[in-house]
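Written out below as structure tokens is the structure these notes cover.
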Number of protein chains: 2
Amino acid sequence: MKTYLECIPCFIKQSLEAARMATDDEGIHGDVLKEVMTHLTSLSFTHSPPEVSKDVHGIIRTITKSKDPYKKVKDTSNTMAKEQYPHLRKLVEEADDPLRMAVKLAIVGNVIDFGTSNRFHVEDMLDHAVKKDIDNESYQQFNKSLCDAKTILYLADNTGEIFFDKVLITELLKLGKEVTYVVRANPIINDATREDARFAGIDALVPVIDGDAGQQQSAPGVVLQYASQQFLDFFESSDMVISKGQGNYEGLSNVDRDVFFLLVVKCPLVAQDINDGIGKLILKVKK
Amino acid sequence: MKTYLECIPCFIKQSLEAARMATDDEGIHGDVLKEVMTHLTSLSFTHSPPEVSKDVHGIIRTITKSKDPYKKVKDTSNTMAKEQYPHLRKLVEEADDPLRMAVKLAIVGNVIDFGTSNRFHVEDMLDHAVKKDIDNESYQQFNKSLCDAKTILYLADNTGEIFFDKVLITELLKLGKEVTYVVRANPIINDATREDARFAGIDALVPVIDGDAGQQQSAPGVVLQYASQQFLDFFESSDMVISKGQGNYEGLSNVDRDVFFLLVVKCPLVAQDINDGIGKLILKVKK
């Protein structure tokens, strides 16, 4: 997906948010916005949003001298989601169709902003979200592909959400699938890294690899141009690819292979691109 | 009210909106955003939002070569609100306290985005809004000031909304008050100018003056530094000042005289400054 003009104010808004997480110094907040705006005046709209975001967050980290502005938010998200994990397992175990519930929860995990919510709020959101349903036709396609697949490449998105991924991965393993879990090589926004996968115990279940090469800044979405060779090999050879979240969708929506995108749409431009509404639980097959 | 860092993405978002109203040329939309961002990198945060907005919209008009990008939206707003006028009059005539209803409607008129709504939607919003109430203590203060006042300076905000102003002005005239209505000297966003006051027939009821000097671009809010001498004379000598909308609040919230601000808060920073919630009908006295 290309970057739209509407993305510009959104990048700037997020830059302010990130700068404030990194430091309380208002002068630095202003410096961040000015430097980000200067960068965006030379923006190439052929790049996808995660590519632009990679550079924008590089500027933020440089100016705030913070390697990981979202660290606190990420830790809170992981802790909150970890508390929910037994509840999530129970929802799957008690479901008529445990796989369907696990798929739904993996999508639901993409919407909850754990970093800014209290425990009871998360439980409320969870119960509310679980009542929503996913598109039946897409789920049948997902199920069919799954039956035919032996190897699955699973692209992570956010911290917190990774516990919801763990629920689905557990179900995939029960079905005898070989799953490889893909995280970001370096911290970017609130996206999950290897450290988070370890915190969630996913590394004890399946191999965890970096999506990007790691020598440079990570983008908040897999972009093939910056992908690690290991990722590219898996991406080509895996029978099935499950991609979580908007960032990975934005980076991979135009690639030449089937991908199952599991996400909740939060942005009107992604909604337009994916042809579905904001807040909906999306399971979409890219052919 | 000073300009906050949060205003920056908001200015950029509005610039895109305005550029799109002025032209369909996407290249020009991008040029507008780039030029606005370049301007905002040297922003002084001691200026109020209307002062910054004045310059931002100047850039937009120059690059798009459009003297009045919001012309169509303004005309639609005026036409839609004109259709509602008999209904508004009826609401006042049938009210137990016609003045209170007229004050409320003048505030309600500040919230409805006529430009993007259909007729039935406007009627729904209106009925819904009329059920809300205004702060009783503030209304008592308003009423007391009104009793003591002979001359009233009434600062307009948006097109469309001016028909709601007409309702309140009519009630003020019934009470024997001398009202002077203040509009922008030049088109800025969807704010009302002399032409709009004429369309609403307000010029047939009361004198209409320009708030700003007119030789330069207007700001979307009265800022004393750019005010016309005529306005300054009225501002000093009038017994009571009624100011409509966020822009005038942002420009006048720190001035040294009593002002009754009638508005609906649409922005979280104004909400914080005014110490009340988004979407609430605000009648606030500045002492």
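Following the order of the structure tokens, first chain is A, next is B, and so on, with residues numbered from 1 inside each chain and ligands from 1 in the order they appear.
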Q: Check region 70-244 of chain B with DSSP on the backbone and list each residue it calls alpha helix (DSSP H), as an MDAnalysis selection string.
A: chainID B and resid 71:93 98:108 119:131 136:148 161:174 194:199 229:237
Give me, as a tab-separated table, the closest atom pair and its distance (Å, one decimal) for every residue of region 50-148 of chain A within a cut-off of 12 Å of region 275-280 of chain A, counting only C-alpha atoms, rows sorted by chain and rising number.
```
residue	atom	partner	partner_atom	distance
A:Lys104	CA	A:Lys280	CA	11.1
A:Ile107	CA	A:Lys280	CA	9.6
A:Val108	CA	A:Lys280	CA	9.4
A:Asn110	CA	A:Gly279	CA	10.3
A:Val111	CA	A:Gly279	CA	7.8
A:Ile112	CA	A:Gly279	CA	10.6
A:His128	CA	A:Gly279	CA	12.0
A:Ala129	CA	A:Lys280	CA	9.4
A:Val130	CA	A:Lys280	CA	11.6
A:Lys131	CA	A:Lys280	CA	11.7
A:Lys132	CA	A:Lys280	CA	8.2
A:Asp133	CA	A:Lys280	CA	8.8
A:Ile134	CA	A:Lys280	CA	8.3
A:Asp135	CA	A:Lys280	CA	9.9
```
Q: Name the residues of region 236-265 of chain A that come out as strand (DSSP E) in a backbone DSSP run; write them as JSON, numbers by chain.
A: {"A": [240, 241, 242, 243, 244, 259, 260, 261, 262, 263, 264]}
For the residues in the current selection, export N, CA and C atoms as a compact mmCIF listing (two decimals), in the first residue's frame.
```txt
# COMPACT_ATOMS: atom_id res chain seq x y z
N MET A 240 2.09 -21.51 3.89
CA MET A 240 1.04 -20.54 4.25
C MET A 240 1.68 -19.38 5.03
N VAL A 241 1.20 -18.18 4.75
CA VAL A 241 1.71 -17.01 5.49
C VAL A 241 0.53 -16.35 6.22
N ILE A 242 0.69 -16.19 7.52
CA ILE A 242 -0.30 -15.45 8.33
C ILE A 242 0.36 -14.15 8.75
N SER A 243 -0.27 -13.04 8.38
CA SER A 243 0.33 -11.74 8.67
C SER A 243 -0.59 -10.94 9.58
N LYS A 244 -0.06 -10.48 10.70
CA LYS A 244 -0.87 -9.75 11.67
C LYS A 244 -0.72 -8.22 11.53
N VAL A 259 -1.27 -14.41 1.01
CA VAL A 259 -1.03 -14.07 2.41
C VAL A 259 -2.39 -13.96 3.10
N PHE A 260 -2.50 -14.54 4.28
CA PHE A 260 -3.71 -14.33 5.09
C PHE A 260 -3.44 -13.19 6.06
N PHE A 261 -4.15 -12.09 5.86
CA PHE A 261 -3.99 -10.92 6.72
C PHE A 261 -5.03 -10.97 7.84
N LEU A 262 -4.57 -10.94 9.07
CA LEU A 262 -5.46 -10.91 10.23
C LEU A 262 -5.23 -9.57 10.93
N LEU A 263 -6.24 -8.73 10.95
CA LEU A 263 -6.05 -7.41 11.55
C LEU A 263 -7.38 -6.76 11.92
N VAL A 264 -7.28 -5.72 12.71
CA VAL A 264 -8.42 -4.83 12.91
C VAL A 264 -8.03 -3.51 12.26
```
Specify as a short mmCIF file (atom, residue, chain, number, x, y, z; two decimals) with N, CA and C atoms, in the first residue's frame all residues of chain B found within 8 Å of chain A, counting only C-alpha atoms.
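selection-v5.cif, written as the output of this step:
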```
data_model
loop_
_atom_site.label_atom_id
_atom_site.label_comp_id
_atom_site.auth_asym_id
_atom_site.auth_seq_id
_atom_site.Cartn_x
_atom_site.Cartn_y
_atom_site.Cartn_z
N LEU B 5 1.74 22.06 20.51
CA LEU B 5 2.33 21.15 19.52
C LEU B 5 1.26 20.28 18.86
N GLU B 6 0.21 19.95 19.60
CA GLU B 6 -0.87 19.14 19.04
C GLU B 6 -1.56 19.85 17.87
N ILE B 8 -0.18 21.30 15.44
CA ILE B 8 0.55 21.14 14.17
C ILE B 8 -0.08 20.08 13.25
N PRO B 9 -0.25 18.82 13.73
CA PRO B 9 -0.90 17.86 12.82
C PRO B 9 -2.29 18.31 12.39
N CYS B 10 -2.97 19.04 13.28
CA CYS B 10 -4.31 19.52 12.99
C CYS B 10 -4.29 20.57 11.86
N ILE B 12 -2.09 20.72 9.56
CA ILE B 12 -1.72 20.02 8.32
C ILE B 12 -2.92 19.27 7.75
N LYS B 13 -3.67 18.66 8.64
CA LYS B 13 -4.89 17.94 8.22
C LYS B 13 -5.88 18.91 7.56
N LEU B 16 -4.80 20.02 4.06
CA LEU B 16 -5.13 19.04 3.01
C LEU B 16 -6.59 19.16 2.62
N HIS B 29 -2.01 19.48 -4.03
CA HIS B 29 -2.28 19.11 -2.63
C HIS B 29 -0.95 18.83 -1.90
N GLY B 30 -0.07 18.07 -2.58
CA GLY B 30 1.23 17.76 -1.98
C GLY B 30 2.07 19.01 -1.78
N LEU B 33 0.91 20.86 1.31
CA LEU B 33 1.36 20.26 2.57
C LEU B 33 2.84 20.55 2.82
N LYS B 34 3.64 20.43 1.77
CA LYS B 34 5.08 20.68 1.93
C LYS B 34 5.36 22.12 2.34
N GLU B 35 4.67 23.05 1.69
CA GLU B 35 4.88 24.47 2.01
C GLU B 35 4.38 24.81 3.42
N MET B 37 4.18 22.67 5.92
CA MET B 37 5.13 22.07 6.88
C MET B 37 6.38 22.92 7.01
N THR B 38 6.87 23.42 5.88
CA THR B 38 8.06 24.28 5.92
C THR B 38 7.77 25.51 6.78
N LEU B 40 5.55 25.75 9.17
CA LEU B 40 5.33 25.37 10.58
C LEU B 40 6.63 25.01 11.30
N THR B 41 7.70 24.72 10.54
CA THR B 41 8.99 24.43 11.21
C THR B 41 9.53 25.68 11.91
N SER B 42 9.03 26.86 11.49
CA SER B 42 9.50 28.08 12.16
C SER B 42 8.39 28.73 12.99
#
```
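Shortest atom-to-atom contact with Val52 (chain B) among B:Lys2, B:Lys174, B:Lys144, B:Arg194: B:Lys2, counting only C-alpha atoms.
The smallest atom-to-atom distance between Tyr226 (chain B) and any of B:Thr79, B:Pro207, B:Pro50, B:Ser238, using only C-alpha atoms, is found for B:Pro50.
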Q: Excluding Pro187 (chain A) and residues on its chain fewer than 4 positions from it, collect all residues at most 10 Å away from it, counting only C-alpha atoms, and give them as a ChimeraX atom specification.
A: /A:57,67-71,183,191-195,217-220
Mind writing the picked residues with N, CA and C atoms as a PDB file, in the first residue's frame?
```
ATOM      1  N   HIS A  57      10.644   7.410  12.714  1.00  0.00           N
ATOM      2  CA  HIS A  57      10.975   6.973  14.076  1.00  0.00           C
ATOM      3  C   HIS A  57      12.484   6.956  14.305  1.00  0.00           C
ATOM      4  N   LYS A  67      16.546   4.888  22.572  1.00  0.00           N
ATOM      5  CA  LYS A  67      16.601   3.757  21.640  1.00  0.00           C
ATOM      6  C   LYS A  67      15.236   3.096  21.468  1.00  0.00           C
ATOM      7  N   ASP A  68      14.357   3.322  22.448  1.00  0.00           N
ATOM      8  CA  ASP A  68      13.084   2.595  22.449  1.00  0.00           C
ATOM      9  C   ASP A  68      12.032   3.389  23.216  1.00  0.00           C
ATOM     10  N   PRO A  69      11.498   4.449  22.594  1.00  0.00           N
ATOM     11  CA  PRO A  69      10.558   5.322  23.314  1.00  0.00           C
ATOM     12  C   PRO A  69       9.327   4.594  23.855  1.00  0.00           C
ATOM     13  N   TYR A  70       8.933   3.520  23.192  1.00  0.00           N
ATOM     14  CA  TYR A  70       7.701   2.813  23.573  1.00  0.00           C
ATOM     15  C   TYR A  70       7.942   1.699  24.600  1.00  0.00           C
ATOM     16  N   LYS A  71       9.165   1.620  25.125  1.00  0.00           N
ATOM     17  CA  LYS A  71       9.535   0.522  26.026  1.00  0.00           C
ATOM     18  C   LYS A  71       8.517   0.322  27.152  1.00  0.00           C
ATOM     19  N   VAL A 183       9.431 -11.640  14.059  1.00  0.00           N
ATOM     20  CA  VAL A 183       9.370 -10.385  14.838  1.00  0.00           C
ATOM     21  C   VAL A 183      10.277  -9.339  14.193  1.00  0.00           C
ATOM     22  N   ASP A 191       5.937  -2.457  18.337  1.00  0.00           N
ATOM     23  CA  ASP A 191       5.991  -3.770  17.688  1.00  0.00           C
ATOM     24  C   ASP A 191       6.819  -4.771  18.491  1.00  0.00           C
ATOM     25  N   ALA A 192       6.479  -6.024  18.300  1.00  0.00           N
ATOM     26  CA  ALA A 192       7.141  -7.091  19.060  1.00  0.00           C
ATOM     27  C   ALA A 192       8.519  -7.413  18.484  1.00  0.00           C
ATOM     28  N   THR A 193       9.485  -7.592  19.375  1.00  0.00           N
ATOM     29  CA  THR A 193      10.827  -8.030  19.008  1.00  0.00           C
ATOM     30  C   THR A 193      11.047  -9.433  19.607  1.00  0.00           C
ATOM     31  N   ARG A 194      12.239  -9.951  19.393  1.00  0.00           N
ATOM     32  CA  ARG A 194      12.603 -11.272  19.909  1.00  0.00           C
ATOM     33  C   ARG A 194      12.447 -11.340  21.444  1.00  0.00           C
ATOM     34  N   GLU A 195      12.782 -10.243  22.081  1.00  0.00           N
ATOM     35  CA  GLU A 195      12.672 -10.155  23.543  1.00  0.00           C
ATOM     36  C   GLU A 195      11.224 -10.363  24.004  1.00  0.00           C
ATOM     37  N   GLN A 217      17.577   0.335  10.919  1.00  0.00           N
ATOM     38  CA  GLN A 217      16.352   0.489  11.696  1.00  0.00           C
ATOM     39  C   GLN A 217      15.256  -0.438  11.165  1.00  0.00           C
ATOM     40  N   SER A 218      14.436  -0.940  12.054  1.00  0.00           N
ATOM     41  CA  SER A 218      13.307  -1.760  11.612  1.00  0.00           C
ATOM     42  C   SER A 218      12.159  -0.859  11.180  1.00  0.00           C
ATOM     43  N   ALA A 219      11.350  -1.390  10.259  1.00  0.00           N
ATOM     44  CA  ALA A 219      10.110  -0.711   9.872  1.00  0.00           C
ATOM     45  C   ALA A 219       8.968  -1.369  10.643  1.00  0.00           C
ATOM     46  N   PRO A 220       7.868  -0.627  10.929  1.00  0.00           N
ATOM     47  CA  PRO A 220       6.747  -1.232  11.650  1.00  0.00           C
ATOM     48  C   PRO A 220       5.826  -2.018  10.719  1.00  0.00           C
TER      49      PRO A 220
END
```
**Q.** Contact residues around Ser138 (chain B) with only C-alpha atoms at 9 Å, ignoring same-chain residues under 4 positions, as a VMD selection string
**A.** chain B and resid 134 142 to 143 283 to 285
Put those residues in a file: N, CA and C atoms, as an mmCIF file, in the first residue's frame.
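Heads up, here's the output in out_22.cif:
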```cif
data_model
loop_
_atom_site.group_PDB
_atom_site.id
_atom_site.type_symbol
_atom_site.label_atom_id
_atom_site.label_comp_id
_atom_site.auth_asym_id
_atom_site.auth_seq_id
_atom_site.Cartn_x
_atom_site.Cartn_y
_atom_site.Cartn_z
ATOM 1 N N ILE B 134 -27.583 24.117 28.969
ATOM 2 C CA ILE B 134 -26.418 24.944 29.255
ATOM 3 C C ILE B 134 -26.300 25.142 30.762
ATOM 4 N N PHE B 142 -25.215 35.550 32.410
ATOM 5 C CA PHE B 142 -25.493 36.095 31.081
ATOM 6 C C PHE B 142 -26.726 37.002 31.152
ATOM 7 N N ASN B 143 -27.739 36.478 31.797
ATOM 8 C CA ASN B 143 -29.000 37.189 31.921
ATOM 9 C C ASN B 143 -28.842 38.505 32.695
ATOM 10 N N LEU B 283 -21.393 27.980 27.603
ATOM 11 C CA LEU B 283 -21.635 29.413 27.792
ATOM 12 C C LEU B 283 -20.690 29.795 28.915
ATOM 13 N N LYS B 284 -19.641 30.500 28.585
ATOM 14 C CA LYS B 284 -18.606 30.773 29.581
ATOM 15 C C LYS B 284 -18.330 32.269 29.656
ATOM 16 N N VAL B 285 -18.235 32.759 30.879
ATOM 17 C CA VAL B 285 -17.919 34.166 31.068
ATOM 18 C C VAL B 285 -16.439 34.278 31.358
#
```
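Around Gln216 (chain A), within 9 Å and counting only C-alpha atoms, the residues found are Ala185, Asn186, Asp212, Ala213 and Tyr226 of chain A, once anything fewer than 3 positions away on its own chain is removed.
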Could you please take those selected residues and save C-alpha atoms as a tab-separated table (two decimals), in the first residue's frame?
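And here's out12.tsv as it stands now:
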```tsv
chain	number	residue	atom	x	y	z
A	185	ALA	CA	14.96	-7.09	14.54
A	186	ASN	CA	14.98	-3.74	16.37
A	212	ASP	CA	14.31	-7.48	8.70
A	213	ALA	CA	18.05	-7.58	8.29
A	226	TYR	CA	14.47	-4.54	3.87
```
